[in-house]
Amino acid sequence: MGFLKTIASHFDALIGYASMRAIESPSPLDDQQWLTYWVLYSLTTLFELSCYRVLVWFPLWPYMKLLFCIWLVLPIFNGAAFIYENYVRKYVRIGSYVSSNYSMEQRRAIQLMSLDARKAVERYIERYGPEAFERVINAAEKEARKH
């Protein structure tokens with residue numbers, strides 16, 4: 001039990017360090033992983049606080065919580081990203097609105113993009129016009145059909 005206690009006591013420090021590294025990295029993928037982790041950890045803690053009187057009688061709870069957190073964090077499992085992709089993403093569609101100024105194909109393409117990519121595309125359309133964006137979409141479709 002001493003080994004697990006040592007891991008659990010240093011786990012938060014490792015998570016904090018990894019979260020700070022994710023904030024400083026240019027990639028949004030690790031940001032998604034860590035934001036999802038912290039949301040799930042917060043929900044787990046809220047559950048734990050709400051059900052404390054019942055969980056006191058369940059001696060394996062701290063170990064189950066530790067294993068759950070390890071599953072969420074470790075890159076070999078990537079549990080937080082798994083939960084986000086398979087359960088959360090279906091219900092959260094923030095930023096899915098696209099202006100009706102674009103054609104249906106353009107709106108579909110823009111909705112599939114990340115927020116940063118969407119902003120770049122909108123700047124491109126402002127600069128070169130919707131016809132240029134249409135040519136880019138057609139070229140991408142042709143390229144995709146080749147493969």
# chains A, B, ... in the order shown; residues from 1 in each chain; ligands from 1
>>> residues_around(residues="Ala22 in chain A", least_positions_apart="6", cutoff="12 Å", atoms="only C-alpha atoms", output="number ranges by chain")
A: 15-16, 28-35
>>> write_last_selection(atoms="N, CA, C and O atoms", output="compact mmCIF listing (two decimals), in the first residue's frame")
# COMPACT_ATOMS: atom_id res chain seq x y z
N ILE A 15 0.38 15.84 -12.81
CA ILE A 15 -0.74 16.31 -13.64
C ILE A 15 -0.64 17.81 -13.84
O ILE A 15 -0.83 18.32 -14.95
N GLY A 16 -0.33 18.54 -12.77
CA GLY A 16 -0.18 19.98 -12.88
C GLY A 16 0.94 20.37 -13.82
O GLY A 16 0.78 21.27 -14.66
N PRO A 28 -3.13 22.17 -30.21
CA PRO A 28 -4.39 22.18 -29.47
C PRO A 28 -4.83 20.79 -29.00
O PRO A 28 -5.71 20.66 -28.18
N LEU A 29 -4.18 19.73 -29.52
CA LEU A 29 -4.59 18.38 -29.16
C LEU A 29 -4.35 18.08 -27.68
O LEU A 29 -5.20 17.50 -27.01
N ASP A 30 -3.19 18.47 -27.17
CA ASP A 30 -2.94 18.22 -25.76
C ASP A 30 -3.79 19.13 -24.88
O ASP A 30 -4.16 18.75 -23.77
N ASP A 31 -4.15 20.30 -25.38
CA ASP A 31 -5.06 21.17 -24.63
C ASP A 31 -6.40 20.48 -24.44
O ASP A 31 -6.98 20.50 -23.35
N GLN A 32 -6.90 19.87 -25.51
CA GLN A 32 -8.17 19.14 -25.43
C GLN A 32 -8.07 18.01 -24.42
O GLN A 32 -8.97 17.82 -23.60
N GLN A 33 -6.98 17.26 -24.45
CA GLN A 33 -6.79 16.15 -23.52
C GLN A 33 -6.84 16.65 -22.08
O GLN A 33 -7.54 16.09 -21.25
N TRP A 34 -6.09 17.71 -21.80
CA TRP A 34 -6.00 18.17 -20.41
C TRP A 34 -7.25 18.91 -19.97
O TRP A 34 -7.66 18.78 -18.82
N LEU A 35 -7.88 19.68 -20.82
CA LEU A 35 -9.14 20.32 -20.44
C LEU A 35 -10.20 19.27 -20.14
O LEU A 35 -10.95 19.38 -19.16
>>> closest_residue(among="A:Tyr41, A:Ala81, A:Glu48, A:Val121", to="Pro62 in chain A", atoms="only C-alpha atoms")
A:Glu48
>>> atom_distance(atom1="CA of Ile137 in chain A", atom2="CA of Arg123 in chain A")
15.5 Å
>>> atom_distance(atom1="CA of Gly2 in chain A", atom2="CA of Lys65 in chain A")
16.8 Å
>>> closest_residue(among="A:Tyr87, A:Val136, A:Pro59, A:Phe82", to="Tyr37 in chain A", atoms="only C-alpha atoms")
A:Phe82
